[in-house]
Each structure stands twice: as C-alpha cells, then as structure tokens.
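**Student:** Hey, dropping protein_14.cif in here, mmCIF, C-alpha atoms:
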```cif
data_input
loop_
_atom_site.label_atom_id
_atom_site.label_comp_id
_atom_site.auth_asym_id
_atom_site.auth_seq_id
_atom_site.Cartn_x
_atom_site.Cartn_y
_atom_site.Cartn_z
CA MET A 1 11.52 -13.06 10.71
CA THR A 2 9.89 -16.27 9.45
CA PRO A 3 10.61 -16.81 5.74
CA VAL A 4 7.69 -15.93 3.49
CA THR A 5 6.71 -17.84 0.37
CA ALA A 6 4.95 -15.64 -2.18
CA ASP A 7 1.48 -16.68 -3.31
CA PRO A 8 1.08 -15.77 -7.02
CA ARG A 9 -2.63 -15.16 -6.44
CA LEU A 10 -1.78 -12.06 -4.41
CA ILE A 11 -1.17 -9.03 -6.63
CA VAL A 12 0.09 -5.97 -4.78
CA GLY A 13 -1.03 -2.70 -6.30
CA LEU A 14 1.86 -0.25 -6.46
CA ASP A 15 -0.40 2.72 -5.84
CA LEU A 16 2.49 5.02 -5.00
CA PRO A 17 3.37 8.56 -6.10
CA SER A 18 6.73 7.91 -7.72
CA LEU A 19 8.77 5.24 -9.47
CA ASP A 20 11.44 5.50 -6.79
CA ALA A 21 8.86 4.71 -4.11
CA ALA A 22 7.58 1.78 -6.19
CA ARG A 23 11.08 0.37 -6.69
CA ALA A 24 11.79 0.63 -2.97
CA MET A 25 8.50 -1.14 -2.19
CA VAL A 26 9.28 -3.99 -4.58
CA ASP A 27 12.75 -4.39 -3.09
CA GLY A 28 11.28 -4.47 0.41
CA LEU A 29 8.73 -7.12 -0.58
CA ASP A 30 11.19 -9.29 -2.49
CA GLY A 31 10.44 -12.94 -1.86
CA ALA A 32 7.15 -12.20 -0.13
CA VAL A 33 5.29 -10.94 -3.24
CA SER A 34 5.69 -12.13 -6.82
CA ALA A 35 2.95 -10.19 -8.64
CA TYR A 36 2.36 -6.46 -8.99
CA LYS A 37 -0.26 -4.14 -10.46
CA ILE A 38 0.99 -0.92 -12.02
CA GLY A 39 -1.69 1.70 -12.50
CA LEU A 40 -2.02 4.88 -14.49
CA THR A 41 -0.17 7.11 -12.02
CA LEU A 42 3.07 5.21 -12.57
CA LEU A 43 2.52 4.13 -16.17
CA ALA A 44 2.03 7.78 -17.18
CA ARG A 45 5.33 8.88 -15.66
CA PRO A 46 8.50 9.01 -17.77
CA GLY A 47 9.98 5.56 -17.45
CA GLY A 48 6.76 4.04 -16.12
CA VAL A 49 6.35 1.46 -18.85
CA ALA A 50 10.06 0.66 -18.71
CA PHE A 51 9.63 0.03 -14.98
CA ALA A 52 6.85 -2.45 -15.76
CA HIS A 53 9.10 -4.22 -18.27
CA ASP A 54 11.97 -4.29 -15.77
CA LEU A 55 9.78 -5.95 -13.15
CA ARG A 56 8.75 -8.60 -15.65
CA GLY A 57 12.39 -9.11 -16.57
CA ARG A 58 13.02 -9.85 -12.89
CA GLY A 59 10.51 -12.70 -13.06
CA LYS A 60 7.53 -10.88 -11.55
CA LEU A 61 3.99 -11.23 -12.84
CA VAL A 62 3.09 -7.75 -14.08
CA PHE A 63 -0.45 -6.42 -14.36
CA GLN A 64 -0.57 -3.22 -16.43
CA ASP A 65 -3.81 -1.57 -15.37
CA TRP A 66 -4.38 0.71 -18.36
CA LYS A 67 -8.18 0.29 -18.38
CA LEU A 68 -8.14 0.98 -22.12
CA HIS A 69 -11.30 2.70 -23.37
CA ASP A 70 -11.48 4.10 -26.90
CA ILE A 71 -12.81 3.20 -30.33
CA GLY A 72 -12.11 -0.39 -31.31
CA ALA A 73 -9.27 0.39 -33.72
CA GLN A 74 -7.36 2.41 -31.14
CA VAL A 75 -7.79 -0.26 -28.47
CA GLU A 76 -6.65 -2.89 -30.96
CA GLY A 77 -3.45 -0.97 -31.61
CA ALA A 78 -2.82 -0.22 -27.95
CA ALA A 79 -3.43 -3.81 -26.85
CA ARG A 80 -1.05 -5.08 -29.50
CA ALA A 81 1.61 -2.59 -28.43
CA VAL A 82 1.29 -3.48 -24.75
CA ALA A 83 1.41 -7.21 -25.49
CA GLU A 84 4.44 -6.84 -27.76
CA GLY A 85 6.22 -4.84 -25.05
CA GLY A 86 5.70 -7.66 -22.54
CA CYS A 87 2.78 -7.82 -20.14
CA ASP A 88 1.06 -10.61 -18.20
CA LEU A 89 -2.31 -8.99 -17.48
CA LEU A 90 -3.90 -6.00 -19.23
CA THR A 91 -7.21 -4.29 -18.45
CA VAL A 92 -9.75 -2.77 -20.82
CA HIS A 93 -13.25 -1.52 -20.09
CA ALA A 94 -15.97 -4.12 -20.55
CA GLU A 95 -17.71 -2.72 -23.60
CA PRO A 96 -18.09 -5.08 -26.57
CA GLN A 97 -16.37 -2.89 -29.15
CA VAL A 98 -13.48 -2.25 -26.77
CA MET A 99 -13.10 -5.92 -25.85
CA ARG A 100 -13.24 -7.13 -29.44
CA GLY A 101 -10.54 -4.63 -30.39
CA ALA A 102 -8.34 -5.73 -27.50
CA VAL A 103 -8.66 -9.42 -28.39
CA LYS A 104 -7.85 -8.69 -32.04
CA GLY A 105 -4.78 -6.66 -31.09
CA ARG A 106 -3.46 -9.18 -28.58
CA ASP A 107 -4.00 -12.04 -31.03
CA ALA A 108 -2.13 -10.13 -33.75
CA ALA A 109 0.81 -9.85 -31.35
CA GLY A 110 0.80 -13.63 -31.01
CA LEU A 111 1.66 -13.43 -27.33
CA ASP A 112 0.08 -14.72 -24.13
CA THR A 113 -0.98 -11.49 -22.46
CA LYS A 114 -4.20 -12.15 -20.56
CA LEU A 115 -6.97 -9.62 -21.21
CA LEU A 116 -9.18 -8.58 -18.31
CA ALA A 117 -12.45 -6.71 -18.70
CA VAL A 118 -13.22 -4.12 -16.04
CA THR A 119 -16.90 -4.66 -15.23
CA VAL A 120 -17.86 -2.00 -12.67
CA LEU A 121 -15.23 -0.06 -10.74
CA THR A 122 -15.17 -1.13 -7.09
CA SER A 123 -15.30 2.52 -6.04
CA LEU A 124 -18.85 2.78 -7.45
CA SER A 125 -21.96 2.07 -5.41
CA ASP A 126 -25.46 1.57 -6.81
CA ALA A 127 -26.14 5.21 -5.98
CA ASP A 128 -23.09 6.27 -7.98
CA LEU A 129 -24.26 4.22 -10.97
CA ALA A 130 -27.69 5.84 -10.79
CA GLU A 131 -26.05 9.27 -10.73
CA ILE A 132 -24.07 8.38 -13.86
CA GLY A 133 -27.29 7.35 -15.58
CA TYR A 134 -27.31 3.56 -15.44
CA GLY A 135 -30.67 1.95 -14.86
CA ALA A 136 -29.09 -1.19 -13.41
CA GLY A 137 -27.33 -1.69 -10.10
CA ALA A 138 -23.79 -3.02 -9.81
CA ALA A 139 -24.77 -6.71 -9.60
CA ASP A 140 -26.95 -6.62 -12.72
CA LEU A 141 -24.46 -4.55 -14.69
CA VAL A 142 -21.60 -6.87 -13.75
CA GLU A 143 -23.62 -9.89 -14.90
CA ARG A 144 -24.33 -8.32 -18.28
CA ARG A 145 -20.72 -7.33 -18.81
CA VAL A 146 -19.40 -10.73 -17.78
CA ARG A 147 -21.63 -12.37 -20.41
CA GLN A 148 -20.29 -9.95 -22.99
CA ALA A 149 -16.69 -10.60 -21.91
CA LEU A 150 -17.20 -14.34 -22.30
CA ASP A 151 -18.78 -13.81 -25.72
CA CYS A 152 -15.87 -11.60 -26.85
CA GLY A 153 -13.23 -14.15 -25.87
CA MET A 154 -11.71 -12.26 -22.95
CA ASP A 155 -9.48 -14.15 -20.53
CA GLY A 156 -11.18 -12.83 -17.42
CA VAL A 157 -12.72 -9.90 -15.64
CA VAL A 158 -11.95 -7.49 -12.86
CA SER A 159 -14.86 -7.60 -10.48
CA SER A 160 -15.53 -6.87 -6.83
CA PRO A 161 -15.35 -9.84 -4.45
CA LEU A 162 -19.06 -9.43 -3.80
CA GLU A 163 -19.79 -10.50 -7.39
CA ALA A 164 -17.05 -13.15 -7.62
CA ALA A 165 -19.33 -16.12 -6.92
CA LYS A 166 -21.76 -15.12 -9.65
CA VAL A 167 -18.93 -14.52 -12.12
CA ARG A 168 -17.36 -17.89 -11.37
CA ALA A 169 -20.71 -19.67 -11.82
CA MET A 170 -21.27 -17.93 -15.16
CA ALA A 171 -17.79 -18.86 -16.38
CA LEU A 172 -18.25 -22.51 -15.42
CA ALA A 173 -21.66 -22.59 -17.13
CA ALA A 174 -19.99 -21.22 -20.27
CA GLY A 175 -17.36 -23.97 -20.17
CA ARG A 176 -14.59 -21.60 -19.09
CA PRO A 177 -13.09 -22.97 -15.86
CA ASP A 178 -9.88 -21.11 -16.77
CA PHE A 179 -11.66 -17.72 -16.73
CA LEU A 180 -9.82 -15.31 -14.43
CA VAL A 181 -11.73 -13.47 -11.72
CA VAL A 182 -9.43 -10.73 -10.45
CA THR A 183 -10.80 -8.95 -7.41
CA PRO A 184 -9.75 -5.56 -6.13
CA GLY A 185 -11.55 -4.19 -3.09
CA VAL A 186 -9.92 -6.84 -0.91
CA ARG A 187 -9.38 -5.75 2.66
CA PRO A 188 -7.97 -7.86 5.50
CA ALA A 189 -10.24 -8.09 8.53
CA GLY A 190 -10.21 -4.78 10.40
CA ALA A 191 -8.71 -2.74 7.56
CA GLU A 192 -10.27 0.53 6.46
CA ARG A 193 -12.34 0.54 3.27
CA GLY A 194 -10.63 3.63 1.86
CA ASP A 195 -12.26 4.57 -1.46
CA GLN A 196 -13.63 1.07 -2.05
CA GLN A 197 -17.36 0.44 -1.71
CA ARG A 198 -17.72 -3.29 -2.40
CA VAL A 199 -15.13 -5.12 -0.31
CA ALA A 200 -14.40 -8.51 1.28
CA THR A 201 -11.60 -10.25 3.14
CA PRO A 202 -9.02 -12.29 1.20
CA GLU A 203 -10.47 -15.57 2.45
CA ALA A 204 -14.02 -14.62 1.49
CA ALA A 205 -12.98 -13.47 -1.99
CA LEU A 206 -11.13 -16.72 -2.71
CA ARG A 207 -13.95 -18.89 -1.39
CA ALA A 208 -16.34 -16.99 -3.64
CA GLY A 209 -14.32 -17.93 -6.71
CA ALA A 210 -11.67 -15.25 -7.16
CA SER A 211 -8.54 -16.42 -8.97
CA HIS A 212 -6.41 -13.42 -7.96
CA LEU A 213 -6.63 -10.73 -5.28
CA VAL A 214 -5.46 -7.16 -5.80
CA VAL A 215 -4.39 -5.48 -2.56
CA ALA A 216 -2.81 -2.05 -2.49
CA ARG A 217 -3.30 0.28 0.48
CA PRO A 218 -3.35 -2.39 3.22
CA VAL A 219 0.17 -3.36 2.10
CA VAL A 220 1.85 -0.30 0.60
CA ALA A 221 0.50 2.13 3.23
CA SER A 222 1.34 -0.17 6.12
CA ASP A 223 4.06 0.68 8.64
CA ASP A 224 5.50 -2.75 7.78
CA PRO A 225 4.50 -3.70 4.21
CA ARG A 226 6.34 -7.01 4.28
CA ARG A 227 4.59 -8.10 7.45
CA ALA A 228 1.23 -6.97 6.04
CA ALA A 229 1.77 -8.96 2.84
CA SER A 230 2.90 -11.98 4.83
CA ALA A 231 -0.27 -11.86 6.93
CA ILE A 232 -2.43 -11.80 3.80
CA VAL A 233 -0.52 -14.73 2.29
CA ALA A 234 -0.99 -16.66 5.53
CA SER A 235 -4.74 -15.98 5.47
CA MET A 236 -4.89 -17.31 1.88
CA GLU A 237 -3.14 -20.60 2.64
CA GLY A 238 -5.29 -23.58 1.72
CA VAL A 239 -8.23 -21.42 0.60
CA GLY A 240 -9.59 -21.59 -2.93
CA VAL A 241 -6.99 -24.01 -4.24
#
```
Do you think you could lay out the structure here as structure tokens?

**Tutor:**
Amino acid sequence: MTPVTADPRLIVGLDLPSLDAARAMVDGLDGAVSAYKIGLTLLARPGGVAFAHDLRGRGKLVFQDWKLHDIGAQVEGAARAVAEGGCDLLTVHAEPQVMRGAVKGRDAAGLDTKLLAVTVLTSLSDADLAEIGYGAGAADLVERRVRQALDCGMDGVVSSPLEAAKVRAMALAAGRPDFLVVTPGVRPAGAERGDQQRVATPEAALRAGASHLVVARPVVASDDPRRAASAIVASMEGVGV
C-alpha cells in the first residue's frame, strides 16, 4: 500500500459503540490520520475521558465534542476542567451566556484549548428548525450565532460546509483570519448522507473556507477505513492551503 501522510485538517469522528472499537480504529489508521473527534457516546463511558487524554499523549489532535450547554457558571467550570485535563478542541453551544462562560473558564485554566461554538447542528433542516420554534432558517441563524461567537472571543465555530463561505467572510471582516471553521457533514463524492442534511464534499468545504473537516461514517463504517481516509486526504491535497 502507498504510504499515507496524515493531513491535520482531517478530523475523524470516532462515532463507535465502544472504547475497544475506537482504540482498534485508531490503531488501524495510525499514520494516515492525526486528529480525532470523540463524542458523547465515548466520553460518557467509564474511561472515555482517559481515552481522550491517552490519544493526546500519543501526539494526536483531540477534539472533545461535549457540546456544553448549561448556565454560564457551570459551563465556566466544565470548560476549565476540560482544558486543565488536556484538550485541543472543545465544543459548546453558540449561546452568548454559554460562550462567555466557556471563554472565562478556559482563560482561567491558562491553557491553549480552542473553543468552538456549535451554530446549528448539521442534522437540522430549515423544516426542523421551524418545528423547534425558530423563526429563522439555518443560514440566518448561523450568521447570527457566528457574530455572537466572534463578539464573545471564541476561537471558531462548528458549521455545515454550506455556510462555510459566509462564516469565513464574516471572520475576515472582523479581523479574525485565524478563526476556525470546523465542518461536519462532509461526505466524499458518492457517499450516503446518513443523518446529515447540509453536506458537501471535502474539496468543496475547503474551497468554501473550512479550516478543518470532520468525517466519521465514511471512514469508520467503511470496509477499509484506512483506504477511505487515504482517499479523503488525497482529495484534500492542494485545496484550501
């Protein structure tokens, strides 16, 4: 097999049912993938946070996808605890009180954990948002929450690739070229959408302004995860850099 060089912009979501399965996946992708997202299913298991710390100790970029959402004081404490434990990327919901609490907690830790605001979940369509009770569609709601994230001093947002161009333009206009635009809902050409509603290919997401791509099912559910990851890395080469 041709050697694979990991692209740190590709974050593989370890959306797997057990820590053993996640460890086996990481071992199988060693060298081909250098960044991983760990979601609530694994974080909530006994040893889940320790697994995240172990990955980071092995030199991997670790994205703890807690999607914190509580009163400001609780988010402040949780963000500080996660940062002090060791974490590269941490998500909170994009509500001003939540984001301000997260920034305060991370800053108190004095560490370099990057805080990402979750704008609108990529599983939600405009119809879903209307059912919840929002008067705005996904694009308008994302724009409002990105402005709030910039105002609150967040390091970036999690946003669908369909909104990445707008987010990047807003960040540049605010003087934040370093603002992270992390895009789930990335699907290689021909892949099934799964539970994602607002999707794009890796190349399209990067060209739109994404800084990082989160890909889970197309890799971890593949018959050959290493080959699947390698194909995505190849499609990213020379795009958006």

**Student:** To one decimal place, how far is CA of Gly72 (chain A) from CA of Leu150 (chain A) in Å?

**Tutor:**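 Computed distance, CA of Gly72 (chain A) to CA of Leu150 (chain A), equals 17.4 Å.
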
**Student:** Name the residues in contact with Asp140 (chain A) at a cut-off of 12 Å, using all atoms listed in the file, excluding same-chain residues fewer than 3 positions from it; report them as a list in words.

**Tutor:**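 The neighbour list is Thr119, Val120, Asp126, Leu129, Tyr134, Gly135, Ala136, Gly137, Glu143, Arg144, Arg145, Val146, Arg147, Glu163, Lys166 and Val167 of chain A.
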
**Student:** Extract, using only C-alpha atoms, all DNA, RNA and protein residues at most 12 Å from region 32-35 of chain A, discarding same-chain residues fewer than 4 positions from it, and format them as a count of residues only.

**Tutor:** 48

**Student:** Can you measure CA of Pro161 (chain A) to CA of Ile38 (chain A) for me? One decimal in Å is fine.

**Tutor:**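 Answer for the CA of Pro161 (chain A) to CA of Ile38 (chain A) separation: 20.1 Å.
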
**Student:** For the structure provided, state which residues fall under the PyMOL selection byres ((chain A and resi 96-101) around 7), and present them as a list in words.

**Tutor:**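 Going through the file, the PyMOL selection byres ((chain A and resi 96-101) around 7) ends up selecting His69, Asp70, Ile71, Gly72, Ala73, Val75, Glu76, Val92, His93, Ala94, Glu95, Ala102, Val103, Lys104, Gly105, Gln148 and Cys152 of chain A.
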
**Student:** So which residues get picked by the PyMOL selection byres ((chain A and resi 91) around 7) here, written as a list in words?

**Tutor:** Asp65, Trp66, Lys67, Leu68, Leu89, Leu90, Val92, His93, Leu115, Leu116, Ala117 and Val118 of chain A

**Student:** When you draw a straight line from CA of Arg176 (chain A) to CA of Gly153 (chain A), how long is it in Å?

**Tutor:**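 The value is 10.2 Å.
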
**Student:** Convert the output of the PyMOL selection byres ((chain A and resi 112) around 10) on the shown file into explicit residues, formatted as a ChimeraX atom specification.

**Tutor:** /A:83-84,86-89,106-107,109-111,113-115

**Student:** Let me have the centre and edge lengths in Å, one decimal, of the box along x, y and z around every listed atom of region 98-103 of chain A with 3 Å of margin on each side, as JSON.

**Tutor:**
```
{"center_x": -10.9, "center_y": -5.8, "center_z": -28.1, "size_x": 11.1, "size_y": 13.2, "size_z": 10.5}
```
